[in-house]
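> Questions regarding the structure given below will be posed in turn.
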Amino acid sequence: MTRSVIPNRRAADQPTPHPERLTEGQFGRLLRDGNRELADGLDQSAAFQRLTERLSASRSVFDAPRAYWLAPVTVLALLAFAVSPSVARWLRADPAVVIVAEDLHAHPDKRVASSAATAASAPSPAPAITRPADTRSAFDTRRPAHAPSTSLSSVSAPTLPNAAQAAEPQPPSTPPPADSVAALAPTAPVAGSEVGAAPDCLSLARRGQTRDAEACFLKRAEGSGLGAEMALYEVARLRRDVLGDAAGALRVLAEYRTRFPSGSLRREADMSQLELLVQLGRTDEALKQSDELLSSSASGERAAELRLLRGHILRKTRSFAAAAREYELAERVRPGRGDVTYFHALCLEALGLGPEAAALFGQYLEQPQHSYAEDARRRLEKLKP
Amino acid sequence: MCAAVASPIGEWDSDCESPLLLECVRGSREAWRSLHLRYYPVTMVFLRKLGVSESDLEDASQEVFLQMHRYLPRFRGNAELKTWLYRLCITQARHLRRRRRMGDALRSWFSLRPESVNPGSAGFCEESARRRMLAALETLSEDDRLAVVLYDLEGLAGRQIADILGCKEATLWRRLHYARKKFVQALEATAPIPEPT
């Protein structure tokens, strides 16, 4: 019996290793959409809570290590930890610090506006802020005054290493802006922060029991709704401002963005995450994220700050042309911001565009706000033919 | 210093998995939480693709993590943790399928109407991509489904899938070839009917 073989036909129907995945083919879009829809509506936090409850019910889960000598050492350490804030406060003879919302003058925020409105209308309580001229976060009991703040307003000042010239001056210290929450502090304590956070958590933070406050907020964040949102955001602030744990803060903010993709603090979380990425030196990620934020519809009111931040990052990486472009865009979004003009001029100077840089320095000196006037004058003199 | 462990949601560095697992084995709740945070979505999505119903999903996922918690000290690290997780999910889905079959048999024994799914019905024409995909997967046998899900939907390499399924790579490619044909046919069958002009 003769068997007829049609080679081409068989070859086409034969299994082949590593075929092109279906997600790349005709049904690619459908399958990718399906994949994405399958990941919708997951509540990891609640699931973790249920899982730990189940684990705890079944057997001892998170067993303590079997080193019995650890018990007294742990007790002593806990005691020391509990006492240390009081001792530290006593040693510093620093009056009690009242928690206020962070310096959000660069982040227009409903809460800030409402707190300011409340402060304006309500009778002022006794002033309790001990550092009225300090614009640092009220949680910030550890970071020295000269350390770079993580708020975008500070990032917008050259806290980043200066890529244009090492001789770039630091701006003279300026009083807090009029719309700063810290400036309003005596009449606006905690108005924003207490929206969703329980007073007990805040009081722990006030007393300097940071770890307890963090645990308290974390517990609260396991719930749902605005309270959980606020608590999660407060944890990020505690880690960032008091514990100096930028990576931890970043993690919490990422969790916030996952759990509350359209949360009421989403914009704040986005901006804080951006600042932390810069702080951690992850500038590529910061650029990418800021680009995404700029392309989103919600970036309107923050566009100037985002452009400014991008300009600083690019300047730091010596991409002066790109930085100049960002500064230019920042000026367009919010004209009359003196410092932007100055940084723009620095970039042009670094690019060898002397006349243009000189013109911008001159323009900068004519503006009402200029923190770098002296340096601008010096550079202008040098650039003059 | 392993920064990626501190940032479980972001880029996951496999070099950083070992210290995290070590912390989990030591009983650190935070490490366990990080691990859960990382792998919970993977588990849920994979279980859904394996046909675990929404009512069983949470239980199945919990079982997977309980198994993981129980056997983590014995995890030797020869394979990736994710590969092991896939195996746990597959086992769990098999248990559930067996249980469901038994339930269907009992219902039919007692003349109760079992839940029926008809992936080819016209109603699916207007369903979401998710429903269409799951309906098409329902038409496959268990082995075929696993091959398609792991290769085409999860994007795993052939060697990894062969390792998970415990078969030779050549077997996998053959199985995948025929499974994909059926899957594509089922997808075409659930394609929206164009509006008459």
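Residues in the structure tokens are named by chain (A, B, ... in the order shown) and by number from 1 within that chain; ligands are numbered from 1 in the order shown.
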List as JSON, numbers by chain the protein and nucleic acid residues near Leu276 in chain A, meaning an atom at most 12 Å away when only C-alpha atoms are counted, but skip any in the same chain fewer than 3 places from it.
{"A": [148, 149, 150, 151, 152, 155, 236, 237, 239, 240, 241, 244, 245, 246, 247, 248, 249, 250, 251, 252, 253, 254, 269, 270, 271, 272, 273, 279, 280, 281, 282, 283, 285, 286, 289]}
> Could you give me, as JSON, numbers by chain, the residues within 12 Å of Gly51 in chain B, counting only C-alpha atoms and dropping anything in the same chain fewer than 4 positions from it?
{"A": [38], "B": [44, 45, 46, 47, 55, 56, 57, 60, 89, 90, 92, 93, 94, 95, 96, 97, 100, 117, 130, 131, 133, 134, 135, 136, 137, 138, 139, 140, 141, 142, 145, 146, 149]}
> Given the selection you just returned, output its residues as a file containing N, CA and C atoms, formatted as a short mmCIF file (atom, residue, chain, number, x, y, z; two decimals), in the first residue's frame.

```
data_model
loop_
_atom_site.label_atom_id
_atom_site.label_comp_id
_atom_site.auth_asym_id
_atom_site.auth_seq_id
_atom_site.Cartn_x
_atom_site.Cartn_y
_atom_site.Cartn_z
N LEU A 38 -9.36 40.31 34.97
CA LEU A 38 -9.27 39.29 36.02
C LEU A 38 -8.59 39.83 37.27
N MET B 44 -4.68 35.01 42.74
CA MET B 44 -6.11 35.16 42.44
C MET B 44 -6.36 35.08 40.93
N VAL B 45 -5.55 35.78 40.18
CA VAL B 45 -5.75 35.80 38.72
C VAL B 45 -5.52 34.41 38.14
N PHE B 46 -4.49 33.74 38.62
CA PHE B 46 -4.19 32.41 38.10
C PHE B 46 -5.31 31.42 38.45
N LEU B 47 -5.80 31.49 39.68
CA LEU B 47 -6.89 30.59 40.08
C LEU B 47 -8.13 30.86 39.22
N SER B 55 -17.08 32.09 44.04
CA SER B 55 -17.47 31.74 45.41
C SER B 55 -16.37 30.95 46.12
N ASP B 56 -15.56 30.24 45.34
CA ASP B 56 -14.50 29.42 45.95
C ASP B 56 -13.15 30.13 45.96
N LEU B 57 -13.11 31.25 45.29
CA LEU B 57 -11.82 31.89 45.02
C LEU B 57 -11.05 32.28 46.29
N ALA B 60 -9.84 29.28 48.13
CA ALA B 60 -8.75 28.63 47.41
C ALA B 60 -7.44 29.39 47.60
N CYS B 89 -1.28 26.36 43.30
CA CYS B 89 -2.58 26.79 42.76
C CYS B 89 -3.21 25.68 41.93
N ILE B 90 -2.37 25.01 41.14
CA ILE B 90 -2.90 23.93 40.29
C ILE B 90 -3.47 22.82 41.16
N GLN B 92 -4.61 23.06 44.16
CA GLN B 92 -5.83 23.54 44.82
C GLN B 92 -7.00 23.55 43.86
N ALA B 93 -6.74 24.00 42.63
CA ALA B 93 -7.81 24.02 41.63
C ALA B 93 -8.29 22.61 41.34
N ARG B 94 -7.38 21.65 41.34
CA ARG B 94 -7.76 20.25 41.11
C ARG B 94 -8.68 19.76 42.22
N HIS B 95 -8.31 20.08 43.45
CA HIS B 95 -9.16 19.68 44.60
C HIS B 95 -10.56 20.23 44.42
N LEU B 96 -10.61 21.49 44.07
CA LEU B 96 -11.92 22.14 43.95
C LEU B 96 -12.72 21.54 42.80
N ARG B 97 -12.02 21.25 41.73
CA ARG B 97 -12.73 20.67 40.57
C ARG B 97 -13.31 19.31 40.94
N ARG B 100 -16.22 19.86 43.05
CA ARG B 100 -17.36 20.36 42.28
C ARG B 100 -18.01 19.23 41.49
N VAL B 117 -23.03 26.06 32.46
CA VAL B 117 -22.35 27.15 31.74
C VAL B 117 -22.34 26.78 30.28
N ARG B 130 -13.09 39.27 29.71
CA ARG B 130 -12.82 38.29 30.77
C ARG B 130 -13.74 37.09 30.61
N ARG B 131 -15.04 37.34 30.42
CA ARG B 131 -16.00 36.24 30.30
C ARG B 131 -15.73 35.42 29.04
N MET B 133 -12.91 35.04 27.53
CA MET B 133 -11.68 34.26 27.70
C MET B 133 -11.93 33.04 28.59
N LEU B 134 -12.64 33.26 29.69
CA LEU B 134 -12.90 32.16 30.61
C LEU B 134 -13.81 31.12 29.96
N ALA B 135 -14.78 31.60 29.17
CA ALA B 135 -15.69 30.66 28.51
C ALA B 135 -14.92 29.78 27.53
N ALA B 136 -13.98 30.40 26.82
CA ALA B 136 -13.18 29.62 25.87
C ALA B 136 -12.29 28.63 26.61
N LEU B 137 -11.77 29.04 27.75
CA LEU B 137 -10.92 28.13 28.54
C LEU B 137 -11.73 26.95 29.07
N GLU B 138 -13.00 27.19 29.35
CA GLU B 138 -13.85 26.13 29.88
C GLU B 138 -14.00 24.97 28.90
N THR B 139 -13.80 25.27 27.61
CA THR B 139 -13.98 24.20 26.63
C THR B 139 -12.79 23.24 26.59
N LEU B 140 -11.73 23.59 27.28
CA LEU B 140 -10.51 22.77 27.22
C LEU B 140 -10.47 21.76 28.35
N SER B 141 -9.73 20.69 28.11
CA SER B 141 -9.50 19.73 29.20
C SER B 141 -8.53 20.37 30.19
N GLU B 142 -8.38 19.71 31.33
CA GLU B 142 -7.56 20.31 32.38
C GLU B 142 -6.11 20.53 31.91
N ARG B 145 -5.90 23.19 29.22
CA ARG B 145 -6.13 24.51 29.82
C ARG B 145 -4.86 25.01 30.51
N LEU B 146 -4.22 24.10 31.24
CA LEU B 146 -3.01 24.51 31.95
C LEU B 146 -1.94 24.97 30.97
N VAL B 149 -2.99 28.40 29.56
CA VAL B 149 -2.93 29.46 30.58
C VAL B 149 -1.48 29.81 30.90
#
```
> Check every residue of chain A for an atom within 10 Å of chain B, counting only C-alpha atoms, and provide those that qualify as a compact mmCIF listing (two decimals) with N, CA and C atoms, in the first residue's frame.

```
# COMPACT_ATOMS: atom_id res chain seq x y z
N ASP A 13 0.85 21.95 10.01
CA ASP A 13 -0.02 21.50 11.08
C ASP A 13 0.76 20.83 12.22
N GLN A 14 2.06 20.85 12.12
CA GLN A 14 2.85 20.16 13.14
C GLN A 14 3.13 21.07 14.33
N PRO A 15 3.18 20.47 15.50
CA PRO A 15 3.52 21.29 16.66
C PRO A 15 4.92 21.86 16.53
N THR A 16 5.06 23.11 16.89
CA THR A 16 6.39 23.73 16.86
C THR A 16 6.70 24.27 18.25
N PRO A 17 7.96 24.15 18.66
CA PRO A 17 8.31 24.72 19.97
C PRO A 17 8.30 26.24 19.93
N HIS A 18 8.04 26.81 21.06
CA HIS A 18 8.04 28.28 21.23
C HIS A 18 7.20 29.01 20.19
N PRO A 19 5.95 28.63 20.03
CA PRO A 19 5.14 29.39 19.06
C PRO A 19 4.88 30.80 19.58
N GLU A 20 4.46 31.65 18.66
CA GLU A 20 4.13 33.02 19.06
C GLU A 20 2.95 32.97 20.02
N ARG A 21 3.03 33.75 21.10
CA ARG A 21 1.96 33.69 22.10
C ARG A 21 0.68 34.30 21.55
N LEU A 22 -0.43 33.77 22.03
CA LEU A 22 -1.72 34.25 21.52
C LEU A 22 -1.97 35.70 21.89
N THR A 23 -1.31 36.14 22.93
CA THR A 23 -1.51 37.54 23.33
C THR A 23 -0.89 38.51 22.31
N GLU A 24 -0.09 37.95 21.38
CA GLU A 24 0.50 38.79 20.35
C GLU A 24 -0.27 38.66 19.03
N GLN A 26 -4.08 37.38 16.85
CA GLN A 26 -5.39 37.90 16.47
C GLN A 26 -6.23 38.27 17.70
N PHE A 27 -6.16 37.42 18.71
CA PHE A 27 -6.97 37.66 19.89
C PHE A 27 -6.18 38.35 21.01
N GLY A 28 -5.06 38.93 20.61
CA GLY A 28 -4.18 39.52 21.61
C GLY A 28 -4.87 40.52 22.50
N ARG A 29 -5.59 41.43 21.88
CA ARG A 29 -6.23 42.49 22.66
C ARG A 29 -7.26 41.93 23.61
N LEU A 30 -8.04 40.99 23.09
CA LEU A 30 -9.08 40.37 23.92
C LEU A 30 -8.45 39.70 25.14
N LEU A 31 -7.37 38.96 24.89
CA LEU A 31 -6.74 38.22 25.99
C LEU A 31 -6.08 39.17 26.99
N ARG A 32 -5.47 40.23 26.47
CA ARG A 32 -4.84 41.18 27.39
C ARG A 32 -5.91 41.89 28.23
N ASP A 33 -7.01 42.25 27.58
CA ASP A 33 -8.12 42.87 28.32
C ASP A 33 -8.66 41.91 29.37
N GLY A 34 -8.82 40.64 28.93
CA GLY A 34 -9.34 39.62 29.86
C GLY A 34 -8.42 39.47 31.05
N ASN A 35 -7.11 39.43 30.78
CA ASN A 35 -6.13 39.32 31.86
C ASN A 35 -6.27 40.47 32.84
N ARG A 36 -6.43 41.67 32.27
CA ARG A 36 -6.52 42.86 33.12
C ARG A 36 -7.80 42.83 33.96
N GLU A 37 -8.89 42.43 33.32
CA GLU A 37 -10.17 42.40 34.05
C GLU A 37 -10.13 41.38 35.18
N LEU A 38 -9.36 40.31 34.97
CA LEU A 38 -9.27 39.29 36.02
C LEU A 38 -8.59 39.83 37.27
N ALA A 39 -7.77 40.83 37.09
CA ALA A 39 -7.04 41.38 38.24
C ALA A 39 -7.81 42.49 38.93
N ASP A 40 -9.00 42.79 38.43
CA ASP A 40 -9.77 43.89 39.02
C ASP A 40 -10.38 43.49 40.36
N GLY A 41 -10.56 44.47 41.19
CA GLY A 41 -11.37 44.31 42.41
C GLY A 41 -10.73 43.45 43.47
N LEU A 42 -9.42 43.41 43.54
CA LEU A 42 -8.77 42.59 44.57
C LEU A 42 -8.46 43.46 45.78
N ASP A 43 -8.81 42.97 46.94
CA ASP A 43 -8.52 43.71 48.17
C ASP A 43 -7.51 42.91 48.97
N GLN A 44 -6.25 43.19 48.70
CA GLN A 44 -5.19 42.40 49.33
C GLN A 44 -5.19 42.55 50.83
N SER A 45 -5.43 43.77 51.28
CA SER A 45 -5.33 44.03 52.71
C SER A 45 -6.36 43.21 53.49
N ALA A 47 -7.84 40.55 52.45
CA ALA A 47 -7.52 39.12 52.29
C ALA A 47 -6.43 38.71 53.27
N PHE A 48 -5.44 39.59 53.44
CA PHE A 48 -4.35 39.28 54.35
C PHE A 48 -4.87 39.20 55.79
N GLN A 49 -5.78 40.10 56.10
CA GLN A 49 -6.37 40.10 57.45
C GLN A 49 -7.07 38.76 57.71
N ARG A 50 -7.88 38.34 56.75
CA ARG A 50 -8.62 37.08 56.92
C ARG A 50 -7.66 35.90 57.00
N LEU A 51 -6.60 35.97 56.20
CA LEU A 51 -5.63 34.87 56.20
C LEU A 51 -4.94 34.77 57.55
N THR A 52 -4.53 35.91 58.08
CA THR A 52 -3.82 35.86 59.37
C THR A 52 -4.76 35.40 60.48
N ARG A 54 -7.16 33.32 60.10
CA ARG A 54 -7.29 31.87 59.94
C ARG A 54 -6.04 31.15 60.43
N LEU A 55 -4.90 31.74 60.11
CA LEU A 55 -3.65 31.14 60.57
C LEU A 55 -3.56 31.15 62.09
N VAL A 61 1.16 31.11 64.78
CA VAL A 61 1.71 31.40 63.46
C VAL A 61 3.07 32.05 63.54
N PHE A 62 3.03 33.22 64.03
CA PHE A 62 4.29 33.96 64.05
C PHE A 62 5.00 33.69 65.38
N ASP A 63 5.57 32.50 65.41
CA ASP A 63 6.19 32.05 66.66
C ASP A 63 7.36 32.93 67.03
N ALA A 64 7.47 33.15 68.32
CA ALA A 64 8.66 33.86 68.79
C ALA A 64 9.84 32.92 68.67
N PRO A 65 11.01 33.43 68.40
CA PRO A 65 12.16 32.55 68.30
C PRO A 65 12.42 31.85 69.64
N ALA A 246 12.65 56.33 54.10
CA ALA A 246 12.07 56.73 52.81
C ALA A 246 11.56 55.52 52.03
N ALA A 247 12.32 54.43 52.09
CA ALA A 247 11.90 53.23 51.35
C ALA A 247 10.58 52.70 51.92
N GLY A 248 10.48 52.72 53.25
CA GLY A 248 9.24 52.26 53.89
C GLY A 248 8.07 53.15 53.51
N ALA A 249 8.33 54.44 53.49
CA ALA A 249 7.27 55.39 53.12
C ALA A 249 6.82 55.14 51.69
N LEU A 250 7.80 54.88 50.84
CA LEU A 250 7.50 54.62 49.43
C LEU A 250 6.63 53.38 49.30
N ARG A 251 6.96 52.40 50.10
CA ARG A 251 6.19 51.14 50.06
C ARG A 251 4.74 51.39 50.45
N VAL A 252 4.57 52.17 51.50
CA VAL A 252 3.21 52.46 51.97
C VAL A 252 2.44 53.26 50.92
N ALA A 254 2.94 53.19 47.76
CA ALA A 254 2.60 52.28 46.66
C ALA A 254 1.38 51.44 47.04
N GLU A 255 1.32 51.04 48.29
CA GLU A 255 0.15 50.27 48.75
C GLU A 255 -1.11 51.13 48.66
N THR A 258 -2.27 51.32 45.20
CA THR A 258 -2.89 50.06 44.76
C THR A 258 -4.28 49.92 45.35
```
> Just want the 6 Å neighbourhood of range 347-364 of chain A, counted on only C-alpha atoms, with same-chain residues fewer than 3 positions away dropped. Output as a ChimeraX atom specification.
/A:320,324,338,341,344,367,376,380
> Mind giving me the straight-line distance from CA of Ala303 in chain A to CA of Ala323 in chain A in Å, one decimal?
14.9 Å
> Just to confirm, what's the straight-line distance from CA of Met230 in chain A to CA of Glu30 in chain B in Å (one decimal)?
20.5 Å
> For range 262-264 of chain A, work out the shell of residues within 8 Å, counting only C-alpha atoms and skipping chain neighbours fewer than 4 positions away, then give it as a ChimeraX atom specification.
/A:226,229,257
> Could you jot down the CA of Ser319 in chain A to CA of Arg302 in chain A separation for me, Å, one decimal place?
22.6 Å
